[in-house]
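A.B. asks: This one is input33.txt, compact mmCIF, C-alpha atoms.
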```txt
# COMPACT_ATOMS: atom_id res chain seq x y z
CA MET T 1 60.27 -17.26 -38.50
CA THR T 2 61.17 -13.59 -37.92
CA GLY T 3 57.52 -12.68 -38.31
CA LEU T 4 56.47 -15.33 -35.80
CA ARG T 5 59.05 -14.10 -33.29
CA SER T 6 57.83 -10.55 -33.72
CA ALA T 7 54.22 -11.59 -33.15
CA SER T 8 55.21 -13.55 -30.06
CA SER T 9 57.16 -10.58 -28.74
CA GLY T 10 54.17 -8.34 -29.37
CA LEU T 11 51.86 -10.64 -27.41
CA ARG T 12 54.27 -10.62 -24.47
CA THR T 13 54.30 -6.82 -24.60
CA LEU T 14 50.50 -6.75 -24.41
CA ARG T 15 50.41 -9.25 -21.53
CA PRO T 16 49.43 -7.44 -18.31
CA ALA T 17 52.10 -7.53 -15.63
CA ALA T 18 49.48 -8.81 -13.18
CA PHE T 19 49.34 -12.09 -15.09
CA GLY T 20 52.71 -12.88 -13.56
CA ALA T 21 54.96 -15.58 -15.01
CA ASP T 22 54.74 -19.31 -15.57
CA PRO T 23 57.21 -21.56 -13.73
CA GLY T 24 60.16 -22.78 -15.74
CA GLY T 25 63.64 -24.25 -15.43
CA GLU T 26 64.55 -25.82 -12.09
CA ARG T 27 61.31 -24.55 -10.55
CA MET T 28 59.29 -26.52 -13.10
CA ALA T 29 61.54 -29.55 -12.60
CA ARG T 30 60.82 -29.39 -8.88
CA ILE T 31 57.09 -29.15 -9.58
CA ARG T 32 57.26 -32.29 -11.70
CA ARG T 33 58.96 -34.12 -8.83
CA SER T 34 56.19 -33.24 -6.40
CA PRO T 35 54.12 -36.23 -5.22
CA HIS T 36 51.06 -34.01 -5.65
CA PHE T 37 51.72 -33.33 -9.34
CA LYS T 38 50.34 -35.89 -11.76
CA ASP T 39 49.26 -35.93 -15.43
CA GLY T 40 50.65 -32.43 -15.90
CA VAL T 41 48.71 -30.70 -13.10
CA PHE T 42 48.59 -30.47 -9.32
CA GLN T 43 46.06 -32.82 -7.75
CA ASN T 44 43.58 -32.10 -4.97
CA PRO T 45 43.30 -34.10 -1.75
CA GLY T 46 40.14 -36.17 -1.62
CA GLY T 47 40.09 -36.78 -5.37
CA PRO T 48 39.25 -34.47 -8.29
CA ALA T 49 37.54 -31.19 -7.45
CA ARG T 50 35.31 -29.30 -9.86
CA THR T 51 37.11 -26.02 -10.48
CA ARG T 52 34.54 -24.67 -12.96
CA PRO T 53 30.93 -23.81 -12.07
CA SER T 54 28.55 -26.75 -12.38
CA GLY T 55 25.27 -26.38 -14.22
CA SER T 56 24.68 -24.32 -17.33
CA SER T 57 25.92 -20.80 -17.98
CA LEU T 58 22.29 -19.76 -18.27
CA ASP T 59 21.48 -21.07 -14.79
CA LEU T 60 24.48 -19.24 -13.35
CA ALA T 61 23.56 -16.01 -15.12
CA LYS T 62 19.99 -16.19 -13.83
CA VAL T 63 21.26 -16.43 -10.25
CA PHE T 64 23.71 -13.55 -10.59
CA LEU T 65 21.23 -11.29 -12.40
CA ASP T 66 18.19 -12.04 -10.26
CA ARG T 67 16.52 -8.69 -9.46
CA ASP T 68 15.44 -9.70 -5.96
CA THR T 69 18.72 -11.13 -4.66
CA ARG T 70 21.27 -9.06 -6.59
CA PRO T 71 20.94 -5.97 -4.33
CA LEU T 72 21.67 -8.14 -1.28
CA ARG T 73 25.17 -8.98 -2.53
CA ALA T 74 26.54 -5.55 -1.58
CA PRO T 75 26.15 -3.45 1.59
CA LYS T 76 23.39 -0.85 1.53
CA GLY T 77 25.33 1.47 3.82
CA THR T 78 28.91 2.27 4.75
CA VAL T 79 30.94 -0.64 6.09
CA PRO T 80 32.23 0.36 9.56
CA VAL T 81 36.01 0.06 9.17
CA HIS T 82 37.97 0.24 12.44
CA PRO T 83 40.28 3.30 12.59
CA THR T 84 43.49 1.34 13.21
CA THR T 85 46.70 3.34 13.50
CA PHE T 86 50.41 2.56 13.47
CA ALA T 87 50.44 3.23 17.23
CA ASP T 88 47.80 0.53 17.77
CA LEU T 89 50.03 -2.07 16.17
CA ALA T 90 53.35 -0.78 17.51
CA LYS T 91 52.58 -1.94 21.05
CA PRO T 92 53.26 -5.69 21.40
CA PRO T 93 50.30 -7.93 22.27
CA ALA T 94 50.06 -8.52 25.99
CA THR T 95 49.30 -12.22 25.56
CA GLY T 96 51.79 -12.87 22.75
CA LEU T 97 49.14 -13.40 20.05
CA ARG T 98 47.15 -10.72 18.26
CA LEU T 99 45.28 -10.88 14.95
CA THR T 100 44.15 -7.97 12.79
CA TRP T 101 41.78 -8.81 9.94
CA MET T 102 42.30 -6.27 7.16
CA GLY T 103 39.38 -7.55 5.06
CA HIS T 104 38.87 -10.57 2.80
CA SER T 105 41.73 -13.02 3.57
CA SER T 106 44.33 -10.44 4.60
CA VAL T 107 45.39 -10.87 8.24
CA LEU T 108 48.30 -9.48 10.23
CA ALA T 109 49.26 -12.08 12.83
CA GLU T 110 51.56 -11.04 15.68
CA ILE T 111 52.72 -14.24 17.29
CA ASP T 112 55.43 -14.78 19.90
CA GLY T 113 57.38 -11.68 18.96
CA HIS T 114 57.06 -12.10 15.17
CA ARG T 115 54.78 -10.50 12.59
CA ILE T 116 53.27 -12.52 9.72
CA LEU T 117 51.10 -11.01 6.98
CA PHE T 118 48.76 -13.46 5.26
CA ASP T 119 47.43 -12.92 1.71
CA PRO T 120 47.85 -9.12 1.68
CA VAL T 121 45.56 -7.41 -0.83
CA TRP T 122 45.65 -3.62 -0.70
CA GLY T 123 44.61 -3.10 -4.32
CA GLU T 124 41.30 -1.51 -5.27
CA ARG T 125 40.21 -4.45 -7.45
CA CYS T 126 40.99 -8.17 -7.38
CA SER T 127 41.65 -8.22 -11.09
CA PRO T 128 44.53 -7.96 -13.55
CA PHE T 129 43.03 -4.69 -14.80
CA PRO T 130 42.59 -1.42 -12.87
CA PHE T 131 39.34 -0.61 -14.69
CA ALA T 132 37.41 -3.89 -14.38
CA GLY T 133 36.76 -6.71 -11.97
CA PRO T 134 35.41 -6.96 -8.40
CA LYS T 135 35.95 -3.68 -6.57
CA ARG T 136 36.40 -3.12 -2.86
CA LEU T 137 33.25 -2.69 -0.82
CA HIS T 138 35.18 -0.90 1.93
CA PRO T 139 38.53 0.93 2.02
CA VAL T 140 41.65 -0.69 3.41
CA PRO T 141 41.76 -0.05 7.17
CA LEU T 142 45.19 1.62 7.01
CA PRO T 143 47.98 2.16 4.48
CA LEU T 144 50.32 -0.76 3.90
CA ALA T 145 53.30 1.28 5.11
CA ALA T 146 51.51 1.92 8.42
CA LEU T 147 51.69 -1.78 9.31
CA GLY T 148 55.34 -1.45 10.16
CA PRO T 149 57.91 -4.16 9.33
CA VAL T 150 56.76 -7.76 8.94
CA ASP T 151 58.95 -10.83 9.23
CA ALA T 152 57.19 -12.85 6.53
CA VAL T 153 54.45 -12.52 3.95
CA VAL T 154 52.54 -15.78 3.48
CA ILE T 155 50.59 -16.43 0.27
CA SER T 156 47.99 -19.21 0.00
CA HIS T 157 47.67 -19.31 -3.81
CA ASP T 158 47.92 -17.14 -6.90
CA HIS T 159 44.32 -15.97 -7.49
CA TYR T 160 43.91 -12.20 -7.75
CA ASP T 161 42.04 -11.83 -4.47
CA HIS T 162 44.98 -13.42 -2.60
CA LEU T 163 48.05 -12.43 -4.62
CA ASP T 164 47.89 -8.74 -5.50
CA LEU T 165 50.46 -7.17 -7.84
CA PRO T 166 50.57 -3.61 -6.38
CA THR T 167 50.78 -4.96 -2.85
CA ILE T 168 53.60 -7.39 -3.66
CA LYS T 169 55.52 -4.67 -5.52
CA ALA T 170 55.27 -2.42 -2.48
CA LEU T 171 56.48 -5.22 -0.19
CA ALA T 172 59.26 -6.18 -2.61
CA GLY T 173 61.10 -3.05 -1.50
CA THR T 174 61.24 -4.22 2.13
CA ASP T 175 63.35 -6.85 3.87
CA THR T 176 60.49 -9.28 4.43
CA LEU T 177 60.62 -12.93 3.43
CA PHE T 178 57.88 -14.53 1.32
CA ALA T 179 56.55 -18.01 2.07
CA VAL T 180 54.58 -19.30 -0.92
CA PRO T 181 53.31 -22.59 -2.36
CA LEU T 182 55.36 -24.39 -4.97
CA GLY T 183 55.47 -22.51 -8.29
CA VAL T 184 54.06 -19.21 -7.00
CA GLY T 185 57.59 -17.85 -6.66
CA ALA T 186 57.67 -17.37 -10.44
CA HIS T 187 55.13 -14.57 -10.14
CA LEU T 188 57.01 -12.86 -7.33
CA GLU T 189 60.37 -13.00 -9.08
CA HIS T 190 58.71 -11.53 -12.18
CA TRP T 191 57.52 -8.62 -10.01
CA GLY T 192 60.90 -7.88 -8.48
CA VAL T 193 61.17 -10.08 -5.38
CA SER T 194 64.71 -11.38 -4.97
CA PRO T 195 64.96 -15.21 -5.13
CA ASP T 196 66.90 -15.30 -1.85
CA ARG T 197 63.84 -13.90 -0.06
CA LEU T 198 61.55 -16.68 -1.32
CA ARG T 199 60.62 -19.77 0.66
CA GLU T 200 58.75 -21.93 -1.85
CA LEU T 201 57.13 -25.00 -0.31
CA ASP T 202 55.26 -28.14 -1.29
CA TRP T 203 52.59 -29.51 1.05
CA HIS T 204 54.04 -30.79 4.34
CA GLU T 205 57.27 -28.83 3.87
CA SER T 206 58.32 -26.29 6.49
CA THR T 207 60.57 -23.26 6.78
CA ARG T 208 61.87 -21.34 9.78
CA VAL T 209 61.38 -17.59 10.15
CA GLY T 210 63.03 -16.45 13.35
CA GLY T 211 61.44 -18.50 16.12
CA LEU T 212 58.47 -19.58 13.98
CA THR T 213 57.93 -22.71 11.92
CA LEU T 214 55.75 -22.16 8.84
CA THR T 215 54.31 -25.29 7.22
CA ALA T 216 52.43 -25.49 3.92
CA THR T 217 49.48 -27.80 4.46
CA PRO T 218 46.96 -29.25 1.96
CA ALA T 219 43.90 -27.39 0.69
CA ARG T 220 41.19 -28.30 -1.81
CA HIS T 221 41.19 -25.57 -4.44
CA PHE T 222 42.95 -24.65 -7.71
CA CYS T 223 45.19 -21.94 -9.17
CA GLY T 224 45.65 -19.78 -12.23
CA ARG T 225 46.22 -16.29 -13.57
CA GLY T 226 46.16 -14.93 -17.08
CA LEU T 227 44.63 -16.55 -20.15
CA ARG T 228 46.31 -19.92 -19.71
CA ASN T 229 45.33 -21.81 -16.55
CA THR T 230 48.14 -24.36 -16.57
CA GLN T 231 47.60 -25.58 -12.95
CA HIS T 232 51.37 -25.41 -12.48
CA THR T 233 51.28 -23.48 -9.20
CA LEU T 234 50.20 -25.07 -5.94
CA TRP T 235 47.57 -23.84 -3.47
CA ALA T 236 47.96 -24.32 0.29
CA SER T 237 46.73 -23.65 3.77
CA TRP T 238 49.32 -22.73 6.40
CA ALA T 239 50.15 -23.79 9.95
CA VAL T 240 52.40 -21.47 11.97
CA ALA T 241 53.94 -22.60 15.24
CA GLY T 242 55.79 -20.34 17.68
CA GLU T 243 57.29 -21.01 21.08
CA GLU T 244 53.96 -20.48 22.82
CA HIS T 245 51.22 -20.26 20.19
CA ARG T 246 49.95 -21.98 17.07
CA ILE T 247 47.75 -20.49 14.33
CA TYR T 248 46.26 -21.71 11.06
CA HIS T 249 45.20 -19.91 7.85
CA SER T 250 42.98 -21.90 5.48
CA GLY T 251 43.53 -19.93 2.29
CA ASP T 252 40.76 -20.96 -0.11
CA THR T 253 39.51 -24.52 0.18
CA GLY T 254 36.55 -26.79 -0.05
CA TYR T 255 35.78 -28.96 2.95
CA PHE T 256 37.70 -32.26 3.13
CA ASP T 257 38.59 -34.61 5.93
CA GLY T 258 42.26 -33.67 5.68
CA PHE T 259 41.61 -30.98 8.29
CA GLN T 260 41.68 -33.77 10.88
CA ASP T 261 45.17 -34.79 9.76
CA ILE T 262 46.42 -31.19 9.75
CA GLY T 263 45.12 -30.69 13.27
CA ALA T 264 46.70 -33.92 14.49
CA ALA T 265 50.08 -32.97 13.01
CA HIS T 266 50.21 -29.24 13.79
CA GLY T 267 47.42 -28.38 16.24
CA PRO T 268 45.57 -27.71 18.33
CA PHE T 269 45.54 -24.04 17.39
CA ASP T 270 45.06 -20.96 19.53
CA ALA T 271 43.36 -19.31 16.55
CA THR T 272 42.28 -20.34 13.08
CA MET T 273 41.54 -18.06 10.13
CA ILE T 274 38.94 -19.92 8.09
CA GLN T 275 37.40 -19.12 4.69
CA ILE T 276 33.61 -18.87 5.07
CA GLY T 277 32.59 -16.67 2.11
CA ALA T 278 32.18 -16.77 -1.70
CA TYR T 279 30.50 -20.18 -1.53
CA SER T 280 27.86 -21.46 -3.95
CA GLU T 281 26.15 -24.66 -4.97
CA PHE T 282 27.73 -23.99 -8.38
CA TRP T 283 31.26 -24.61 -6.96
CA PRO T 284 30.86 -26.77 -3.82
CA ASP T 285 34.29 -28.41 -4.04
CA ILE T 286 36.52 -25.33 -3.74
CA HIS T 287 34.95 -22.96 -1.18
CA MET T 288 33.34 -23.62 2.18
CA THR T 289 30.04 -22.43 3.59
CA PRO T 290 30.13 -21.05 7.15
CA GLU T 291 28.81 -24.38 8.44
CA GLU T 292 31.62 -26.23 6.67
CA GLY T 293 34.13 -23.64 7.92
CA LEU T 294 33.03 -24.30 11.48
CA ARG T 295 33.30 -28.05 10.84
CA ALA T 296 36.83 -27.52 9.51
CA HIS T 297 37.81 -25.53 12.61
CA LEU T 298 36.51 -28.26 14.91
CA ASP T 299 38.34 -30.92 12.88
CA LEU T 300 41.56 -28.93 13.27
CA GLN T 301 41.02 -28.83 17.03
CA GLY T 302 40.50 -32.56 17.43
CA GLY T 303 36.71 -32.51 17.15
CA ALA T 304 35.79 -30.26 20.07
CA PRO T 305 35.51 -26.47 20.53
CA HIS T 306 38.92 -24.95 21.22
CA GLY T 307 40.75 -21.73 20.45
CA VAL T 308 39.23 -18.89 18.45
CA LEU T 309 37.72 -19.00 14.97
CA LEU T 310 38.29 -15.87 12.84
CA PRO T 311 36.09 -15.97 9.70
CA ILE T 312 37.83 -14.62 6.59
CA HIS T 313 37.23 -14.32 2.82
CA TRP T 314 34.05 -12.29 3.09
CA GLY T 315 32.79 -8.71 3.35
CA THR T 316 35.35 -7.04 1.05
CA PHE T 317 34.60 -8.22 -2.50
CA ASN T 318 31.40 -9.43 -4.18
CA LEU T 319 32.47 -12.82 -5.54
CA ALA T 320 29.40 -15.08 -5.17
CA PRO T 321 25.58 -14.99 -5.34
CA HIS T 322 24.99 -15.20 -1.60
CA PRO T 323 23.97 -12.06 0.35
CA TRP T 324 26.87 -9.86 1.46
CA ALA T 325 26.11 -10.20 5.18
CA GLU T 326 25.14 -13.87 5.18
CA PRO T 327 28.60 -15.33 5.96
CA GLY T 328 28.91 -13.25 9.11
CA GLU T 329 25.37 -13.95 10.27
CA TRP T 330 25.56 -17.68 9.54
CA THR T 331 28.97 -18.06 11.20
CA LYS T 332 27.85 -16.20 14.33
CA GLU T 333 24.78 -18.40 14.69
CA ALA T 334 26.49 -21.71 13.90
CA ALA T 335 29.43 -21.03 16.23
CA GLY T 336 27.03 -20.06 19.02
CA GLU T 337 25.11 -23.31 18.62
CA ALA T 338 28.36 -25.32 18.72
CA GLY T 339 29.76 -23.47 21.74
CA GLN T 340 32.77 -22.34 19.70
CA ALA T 341 34.44 -18.98 20.43
CA VAL T 342 34.36 -16.79 17.32
CA ALA T 343 35.95 -13.37 16.72
CA LEU T 344 33.90 -10.96 14.60
CA PRO T 345 36.12 -7.88 14.23
CA ARG T 346 35.42 -4.96 11.97
CA PRO T 347 38.03 -4.72 9.20
CA GLY T 348 41.16 -3.39 10.84
CA GLU T 349 40.16 -4.15 14.43
CA PRO T 350 42.98 -5.89 16.37
CA PHE T 351 42.13 -8.49 19.00
CA GLU T 352 44.01 -10.96 21.17
CA ALA T 353 42.84 -14.55 21.07
CA ALA T 354 43.20 -14.86 24.84
CA GLY T 355 41.49 -11.53 25.51
CA LYS T 356 38.03 -10.09 25.00
CA LEU T 357 36.81 -11.07 21.54
CA PRO T 358 34.90 -8.69 19.25
CA ALA T 359 31.41 -10.16 19.05
CA GLU T 360 29.12 -7.43 17.72
CA ALA T 361 27.25 -8.12 14.47
CA TRP T 362 28.67 -4.92 12.94
CA TRP T 363 27.53 -5.80 9.41
CA ARG T 364 23.88 -5.27 10.31
CA SER T 365 24.29 -1.49 10.26
CA ALA T 366 25.30 -1.71 6.58
CA SER T 367 23.16 -4.61 5.41
CA GLY T 368 19.73 -4.10 6.87
CA ASP T 369 17.68 -7.27 7.22
CA VAL T 370 19.55 -10.52 6.64
CA ARG T 371 17.52 -13.31 5.10
CA ARG T 372 18.30 -16.56 6.85
CA THR T 373 18.37 -18.59 3.64
CA TRP T 374 20.65 -21.20 5.22
CA ARG T 375 17.76 -22.24 7.46
CA SER T 376 15.42 -22.80 4.54
CA VAL T 377 14.69 -26.21 3.05
CA GLY T 378 17.40 -27.14 0.59
CA ALA T 379 19.97 -24.68 1.93
CA PHE T 380 23.35 -25.44 0.39
CA VAL T 381 25.75 -27.46 2.53
CA ALA T 382 28.09 -29.66 0.52
CA GLU T 383 28.79 -33.23 1.54
CA PRO T 384 32.46 -33.97 2.32
CA PRO T 385 34.30 -35.92 -0.38
CA ALA T 386 35.32 -39.52 0.22
CA ARG T 387 38.55 -39.90 2.15
CA ASP T 388 41.61 -40.23 -0.07
CA THR T 389 44.09 -42.81 1.20
CA GLY T 390 46.66 -42.15 -1.51
CA ALA T 391 49.27 -39.42 -1.85
```
Is it possible to give me this structure as structure tokens?
C.D. replies:
Amino acid sequence: MTGLRSASSGLRTLRPAAFGADPGGERMARIRRSPHFKDGVFQNPGGPARTRPSGSSLDLAKVFLDRDTRPLRAPKGTVPVHPTTFADLAKPPATGLRLTWMGHSSVLAEIDGHRILFDPVWGERCSPFPFAGPKRLHPVPLPLAALGPVDAVVISHDHYDHLDLPTIKALAGTDTLFAVPLGVGAHLEHWGVSPDRLRELDWHESTRVGGLTLTATPARHFCGRGLRNTQHTLWASWAVAGEEHRIYHSGDTGYFDGFQDIGAAHGPFDATMIQIGAYSEFWPDIHMTPEEGLRAHLDLQGGAPHGVLLPIHWGTFNLAPHPWAEPGEWTKEAAGEAGQAVALPRPGEPFEAAGKLPAEAWWRSASGDVRRTWRSVGAFVAEPPARDTGA
């Protein structure tokens, strides 16, 4: 037995800190009581979702290694990052709502006198290791400390490109609160965040931060860090309501008709931050194409164009076989056809939803020609899953 304990202790020593910690104790008991936890795992809305790539490994490898398309998955030139400064963000937004996309899914939202930071990733790689894994395609627009104080950090789920160890450790030394889906608090406590600064929510639960109401809403995705993917941490989208404005952050999600219900309960929204990148026909259930992202935004707004759509989850990391610039190009075209206002800021470029929106196709200077593959026959657009009438 002593030998077994020693081996177990040795394995824990070798476990990277970025793997985080599995839920246990009362946290795990609360997870088991969740109406969305069944048969030992969290369940997706709309029925089971394929969380592993479909098709064979050989088919997937052929797509990723294709000599013609592989060069298109990264910018050819320098990505034009906006030179944001602390002074830019120190002045309150004139209209009460300002968003600053920092790249990928990281957004600073200044809403009705409060500051919310969604899915902050300031690390160089979205990986548990500093020497391997997807690396940034552009630098962070400004140092984390230059953001100034934030009232709450909101996390959508525990994947490495949304929950970043060095970023959380840096924020752990501040006074900010952390709003996270059920179970994700185990990681943050393991990294030094005090339990009294955690607001850990199941879907449809809310917490108050100053004058804001933050609500965890459903998403169609999955979770997991480390070698054991236990599916014991929840994934979520988020609705934030202030005295004057409402915003929505999708996190990672496949398209499902639950967006209509979220919009009916918490919308309409002045601005939505919608995942439109890292999609593929190999995983259609867990990420949205730009066309599906636009459909989700319209669902959230009651079916008609309203508010501003900010596309996120693209441009910063190479995570899928589609061309690097395609999400921006496709979103711009689809939103224009639908008559939907869309903000297309450079990473780090602040804008106010009620002001002049950034609309330039800035990615073209770094990408060159963009192949409009989504207009070709057989372009990938997943069909929405059947509506789930259960829990």
A.B. asks: Between range 21-121 of chain T and range 142-146 of chain T, at 10 Å or less, what are the per-residue closest atom pairs and their distances in Å? Count all atoms listed in the file, order by chain and rising residue number, and return it as a tab-separated table.
C.D. replies:
```
residue	atom	partner	partner_atom	distance
T:Val81	CA	T:Leu142	CA	9.6
T:His82	CA	T:Leu142	CA	9.1
T:Pro83	CA	T:Leu142	CA	7.6
T:Thr84	CA	T:Leu142	CA	6.4
T:Thr85	CA	T:Leu142	CA	6.9
T:Phe86	CA	T:Ala146	CA	5.2
T:Ala87	CA	T:Ala146	CA	9.0
T:Leu89	CA	T:Ala146	CA	8.8
T:Ala90	CA	T:Ala146	CA	9.7
T:Met102	CA	T:Leu142	CA	8.4
T:Pro120	CA	T:Leu144	CA	9.0
T:Val121	CA	T:Leu144	CA	9.4
```
A.B. asks: Report as JSON the centre and the edge lengths, in Å to one decimal, of the axis-aligned box holding every listed atom of range 366-371 of chain T, padded by 8 Å on each side.
C.D. replies:
```
{"center_x": 21.4, "center_y": -7.5, "center_z": 6.2, "size_x": 23.8, "size_y": 27.6, "size_z": 18.1}
```
A.B. asks: Please report the interatomic distance between CA of Asp22 in chain T and CA of Arg125 in chain T in Å with one decimal.
C.D. replies: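 Atom-to-atom, CA of Asp22 in chain T and CA of Arg125 in chain T are spaced 22.3 Å apart.
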A.B. asks: Rank nothing, just name the residue among T:Ala179, T:Leu310, T:Ala354, T:Ala359 nearest to Ala94 in chain T, using only C-alpha atoms.
C.D. replies: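 Using only C-alpha atoms, Ala94 in chain T sits closest to T:Ala354.
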A.B. asks: Can you tell me which residues surround Arg371 in chain T at a distance of at most 9 Å, considering only C-alpha atoms, apart from same-chain residues fewer than 3 positions away, and format the answer as a PDB file with C-alpha atoms, keeping the file's coordinate frame?
C.D. replies:
```pdb
ATOM      1  CA  PRO T 323      23.970 -12.060   0.350  1.00  0.00           C
ATOM      2  CA  GLU T 326      25.140 -13.870   5.180  1.00  0.00           C
ATOM      3  CA  TRP T 374      20.650 -21.200   5.220  1.00  0.00           C
TER       4      TRP T 374
END
```
A.B. asks: Name the residues in contact with Ala74 in chain T at a cut-off of 9 Å, using all atoms listed in the file, excluding same-chain residues fewer than 6 positions from it; report them as an MDAnalysis selection string.
C.D. replies: chainID T and resid 137 315 317:318 323:325 367
A.B. asks: Taking only C-alpha atoms into account, which of T:Lys135, T:Arg98, T:His249, T:Arg225 comes nearest His159 in chain T?
C.D. replies: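 So, comparing all the options, the nearest one is T:Arg225.
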A.B. asks: So what do you get for CA of Lys76 in chain T versus CA of Pro139 in chain T, distance-wise?
C.D. replies: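 Taking CA of Lys76 in chain T as the start and CA of Pro139 in chain T as the end point, the length is 15.3 Å.
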